[in-house]
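Structure first, then comments.
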Amino acid sequence: MATLDVALLILRVGVGLIFAVHGAQKLFGLWNGPGFAGWTDAMTHMGYRPAVAFAAVSAGAEFAGGLLLAIGLFTPLAAFVLVAQSVVIIGAAHWRSGFFNKDNGYEFPLALATGVVAILFAGAGALSVDAAIGFSLAPTLRVSLFVIGIAGGLATLAVPALAARRPNRQDGAPQAR
């Protein structure tokens, strides 16, 4: 067993479980989290419509993506989802507060995103379910997943601005702003 494989195991489990715990807070209200209703309200306040769909995708990405990353199953795909989610987390919730975590800045989510990107490019390692079942993607596909994840996250960040430009409709009539 190579020390690199042990390092990748530690990185995968640490980063993956942190994401999974954050997803569990949003989905199930565990560890003083908002629960799904609270997370849906937060998505509404951030301008995402339909809020329930965005809440389910974002919390599900963190929970399922984190668990898959931790065990090393379909690791490049889990990392791809978490890259996109990280872009949204940083851009929607932390960017305006600056860098430092003490000010609710993007320092911590950027550290997690950096770990995810490292795993995406390095692979899951020998101590993973991927290695046991022989799942692997070519390096060019890994780079493509990284680029698509960044682009998908950026596109998601644009959703509230695009939604704000559309007139709100109730009963078929435009509402005054």
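To be explicit about the labels: the chains of the structure tokens are called A, B, and onward in the order shown, and within each one the residues are counted from 1, while ligands get numbers from 1 in the order they are shown.
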
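Taking the backbone of this structure through DSSP, the residues of range 9-174 of chain A that come out as strand (DSSP E or B) are Arg169, Gln170, Ala173 and Pro174 of chain A.
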
Selection from above, C-alpha atoms, as an mmCIF file, in the first residue's frame, can you write it?
data_model
loop_
_atom_site.group_PDB
_atom_site.id
_atom_site.type_symbol
_atom_site.label_atom_id
_atom_site.label_comp_id
_atom_site.auth_asym_id
_atom_site.auth_seq_id
_atom_site.Cartn_x
_atom_site.Cartn_y
_atom_site.Cartn_z
ATOM 1 C CA ARG A 169 -47.012 36.214 -12.655
ATOM 2 C CA GLN A 170 -49.921 35.353 -10.500
ATOM 3 C CA ALA A 173 -51.329 38.802 -14.873
ATOM 4 C CA PRO A 174 -47.962 40.550 -14.522
#

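The list of residues with at least one atom within 8 Å of range 114-121 of chain A, based on only C-alpha atoms and without residues fewer than 4 positions apart in the same chain, reads Leu8, Leu11, Arg12, Val15, Thr75, Pro76, Ala79, Phe80, Leu82, Val83, Leu110, Pro139, Arg142, Val143 and Phe146 of chain A.
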
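Residues with any atom within 12 Å of Asn101 in chain A, counting only C-alpha atoms and excluding same-chain neighbours fewer than 6 positions away, are Ile90, Ala93, His94, Trp95, Glu107, Phe108, Pro109, Leu110 and Ala111 of chain A.
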
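The two atoms in question, CA of Val13 in chain A and CA of Glu62 in chain A, are spaced 13.6 Å apart.
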
**OP:** List the neighbours of Ala158 in chain A out to 12 Å using only C-alpha atoms; skip same-chain residues closer than 5 positions along the sequence, and give me the result as a list in words.
**Re:** Met46, Gly47, Tyr48, Arg49, Val87, Val88, Gly91, Ala92, Ala151, Gly152, Gly153, Ala163, Ala164 and Arg165 of chain A

Output file for the selection above: N, CA, C and O atoms, as an mmCIF file, in the first residue's frame:
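This went into part15.cif:
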data_model
loop_
_atom_site.group_PDB
_atom_site.id
_atom_site.type_symbol
_atom_site.label_atom_id
_atom_site.label_comp_id
_atom_site.auth_asym_id
_atom_site.auth_seq_id
_atom_site.Cartn_x
_atom_site.Cartn_y
_atom_site.Cartn_z
ATOM 1 N N MET A 46 -32.449 33.570 -1.471
ATOM 2 C CA MET A 46 -31.321 33.799 -2.386
ATOM 3 C C MET A 46 -31.791 34.040 -3.812
ATOM 4 O O MET A 46 -30.993 34.360 -4.678
ATOM 5 N N GLY A 47 -33.095 33.866 -4.053
ATOM 6 C CA GLY A 47 -33.647 34.154 -5.375
ATOM 7 C C GLY A 47 -33.759 32.969 -6.307
ATOM 8 O O GLY A 47 -34.018 33.147 -7.501
ATOM 9 N N TYR A 48 -33.593 31.760 -5.805
ATOM 10 C CA TYR A 48 -33.680 30.579 -6.660
ATOM 11 C C TYR A 48 -35.124 30.107 -6.766
ATOM 12 O O TYR A 48 -35.789 29.908 -5.766
ATOM 13 N N ARG A 49 -35.613 29.963 -8.003
ATOM 14 C CA ARG A 49 -36.963 29.495 -8.269
ATOM 15 C C ARG A 49 -36.896 28.404 -9.327
ATOM 16 O O ARG A 49 -36.186 28.589 -10.311
ATOM 17 N N VAL A 87 -18.792 26.055 -6.343
ATOM 18 C CA VAL A 87 -18.871 27.349 -7.026
ATOM 19 C C VAL A 87 -20.111 28.107 -6.555
ATOM 20 O O VAL A 87 -20.051 29.303 -6.255
ATOM 21 N N VAL A 88 -21.230 27.406 -6.455
ATOM 22 C CA VAL A 88 -22.474 28.036 -6.014
ATOM 23 C C VAL A 88 -22.372 28.468 -4.552
ATOM 24 O O VAL A 88 -22.782 29.575 -4.186
ATOM 25 N N GLY A 91 -20.048 31.514 -4.435
ATOM 26 C CA GLY A 91 -20.611 32.695 -5.099
ATOM 27 C C GLY A 91 -21.889 33.218 -4.474
ATOM 28 O O GLY A 91 -22.078 34.430 -4.356
ATOM 29 N N ALA A 92 -22.771 32.319 -4.057
ATOM 30 C CA ALA A 92 -24.079 32.748 -3.551
ATOM 31 C C ALA A 92 -24.064 33.103 -2.075
ATOM 32 O O ALA A 92 -24.819 33.971 -1.646
ATOM 33 N N ALA A 151 -18.430 25.653 -15.064
ATOM 34 C CA ALA A 151 -19.433 26.322 -15.903
ATOM 35 C C ALA A 151 -20.847 26.125 -15.361
ATOM 36 O O ALA A 151 -21.648 27.075 -15.332
ATOM 37 N N GLY A 152 -21.168 24.921 -14.909
ATOM 38 C CA GLY A 152 -22.489 24.663 -14.344
ATOM 39 C C GLY A 152 -22.736 25.464 -13.076
ATOM 40 O O GLY A 152 -23.827 25.994 -12.867
ATOM 41 N N GLY A 153 -21.717 25.555 -12.230
ATOM 42 C CA GLY A 153 -21.844 26.367 -11.017
ATOM 43 C C GLY A 153 -22.062 27.836 -11.341
ATOM 44 O O GLY A 153 -22.913 28.501 -10.741
ATOM 45 N N ALA A 163 -34.012 35.297 -13.031
ATOM 46 C CA ALA A 163 -35.380 35.221 -12.511
ATOM 47 C C ALA A 163 -35.899 36.599 -12.125
ATOM 48 O O ALA A 163 -37.081 36.901 -12.299
ATOM 49 N N ALA A 164 -35.032 37.451 -11.621
ATOM 50 C CA ALA A 164 -35.440 38.803 -11.214
ATOM 51 C C ALA A 164 -35.825 39.656 -12.412
ATOM 52 O O ALA A 164 -36.606 40.594 -12.279
ATOM 53 N N ARG A 165 -35.301 39.331 -13.579
ATOM 54 C CA ARG A 165 -35.599 40.105 -14.782
ATOM 55 C C ARG A 165 -36.938 39.723 -15.390
ATOM 56 O O ARG A 165 -37.476 40.463 -16.203
#

Subject >> Members of range 117-146 of chain A assigned helix (DSSP H, G or I) by DSSP, as a VMD selection string >> reply: chain A and resid 117 to 122 129 to 133 139 to 146

Subject >> Shell around Ala61 in chain A at 9 Å using only C-alpha atoms, local window under 4 positions removed, as a count of residues only >> reply: 11

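Between CA of Val21 in chain A and CA of Thr40 in chain A there is a distance of 17.3 Å.
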
Subject >> Counting only C-alpha atoms, the residue of A:Gly105, A:Gly38, A:Gly72, A:Gly125 that sits nearest Asp5 in chain A >> reply: A:Gly125

Subject >> Neighbour list for Ala24 in chain A as a ChimeraX atom specification, cut-off 9 Å, only C-alpha atoms, skip fewer than 4 positions in-chain >> reply: /A:19-20,28-31,33,35,59-60,62-63

Restricted to all heavy atoms, what would the selected residues look like written as a compact mmCIF listing (two decimals), in the first residue's frame?
# COMPACT_ATOMS: atom_id res chain seq x y z
N PHE A 19 -18.79 17.44 3.41
CA PHE A 19 -19.89 17.77 2.49
C PHE A 19 -21.16 17.01 2.87
O PHE A 19 -22.25 17.58 2.88
CB PHE A 19 -19.51 17.44 1.04
CG PHE A 19 -18.87 18.58 0.31
CD1 PHE A 19 -17.52 18.56 0.02
CD2 PHE A 19 -19.62 19.68 -0.09
CE1 PHE A 19 -16.93 19.60 -0.66
CE2 PHE A 19 -19.05 20.73 -0.77
CZ PHE A 19 -17.69 20.69 -1.06
N ALA A 20 -21.04 15.72 3.18
CA ALA A 20 -22.21 14.91 3.51
C ALA A 20 -22.91 15.45 4.76
O ALA A 20 -24.15 15.50 4.81
CB ALA A 20 -21.81 13.44 3.71
N PHE A 28 -32.10 16.93 6.48
CA PHE A 28 -32.75 16.28 7.62
C PHE A 28 -32.75 17.11 8.89
O PHE A 28 -33.29 16.67 9.90
CB PHE A 28 -32.05 14.94 7.90
CG PHE A 28 -31.85 14.10 6.67
CD1 PHE A 28 -30.57 13.76 6.25
CD2 PHE A 28 -32.92 13.66 5.92
CE1 PHE A 28 -30.36 12.99 5.12
CE2 PHE A 28 -32.73 12.88 4.77
CZ PHE A 28 -31.45 12.55 4.38
N GLY A 29 -32.11 18.28 8.86
CA GLY A 29 -32.07 19.11 10.06
C GLY A 29 -31.11 18.61 11.13
O GLY A 29 -31.17 19.07 12.27
N LEU A 30 -30.24 17.68 10.78
CA LEU A 30 -29.29 17.13 11.75
C LEU A 30 -28.26 18.19 12.14
O LEU A 30 -28.00 19.12 11.39
CB LEU A 30 -28.59 15.90 11.17
CG LEU A 30 -29.51 14.74 10.80
CD1 LEU A 30 -28.73 13.64 10.12
CD2 LEU A 30 -30.22 14.21 12.03
N TRP A 31 -27.68 18.03 13.31
CA TRP A 31 -26.60 18.90 13.80
C TRP A 31 -26.98 20.38 13.71
O TRP A 31 -26.22 21.20 13.21
CB TRP A 31 -25.29 18.61 13.07
CG TRP A 31 -24.88 17.18 13.22
CD1 TRP A 31 -24.43 16.59 14.35
CD2 TRP A 31 -24.90 16.18 12.21
NE1 TRP A 31 -24.17 15.26 14.10
CE2 TRP A 31 -24.45 14.98 12.79
CE3 TRP A 31 -25.26 16.17 10.86
CZ2 TRP A 31 -24.35 13.79 12.08
CZ3 TRP A 31 -25.17 14.99 10.16
CH2 TRP A 31 -24.71 13.82 10.77
N GLY A 33 -29.01 21.86 11.82
CA GLY A 33 -29.20 22.36 10.46
C GLY A 33 -30.61 22.86 10.25
O GLY A 33 -31.50 22.65 11.08
N GLY A 35 -32.85 21.89 8.10
CA GLY A 35 -33.83 20.95 7.58
C GLY A 35 -34.26 21.38 6.19
O GLY A 35 -33.91 22.46 5.71
N ALA A 59 -28.78 20.36 -1.72
CA ALA A 59 -28.58 19.54 -0.53
C ALA A 59 -28.26 18.10 -0.92
O ALA A 59 -27.40 17.46 -0.29
CB ALA A 59 -29.82 19.59 0.36
N GLY A 60 -28.92 17.60 -1.95
CA GLY A 60 -28.63 16.25 -2.43
C GLY A 60 -27.23 16.11 -2.98
O GLY A 60 -26.57 15.09 -2.79
N GLU A 62 -24.59 17.80 -2.03
CA GLU A 62 -23.67 17.76 -0.89
C GLU A 62 -23.73 16.41 -0.18
O GLU A 62 -22.69 15.83 0.14
CB GLU A 62 -23.98 18.88 0.09
CG GLU A 62 -23.62 20.25 -0.43
CD GLU A 62 -23.91 21.35 0.56
OE1 GLU A 62 -24.04 21.08 1.77
OE2 GLU A 62 -23.99 22.51 0.12
N PHE A 63 -24.94 15.92 0.08
CA PHE A 63 -25.10 14.68 0.83
C PHE A 63 -24.61 13.47 0.03
O PHE A 63 -23.71 12.75 0.46
CB PHE A 63 -26.56 14.51 1.26
CG PHE A 63 -26.79 13.32 2.15
CD1 PHE A 63 -26.29 13.30 3.44
CD2 PHE A 63 -27.51 12.23 1.68
CE1 PHE A 63 -26.51 12.20 4.27
CE2 PHE A 63 -27.72 11.13 2.50
CZ PHE A 63 -27.21 11.11 3.79

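Using only C-alpha atoms, the shortest contact distance between Leu154 in chain A and any of A:Asn104, A:Ser58, A:Ser136, A:Ser86 is found at A:Ser86.
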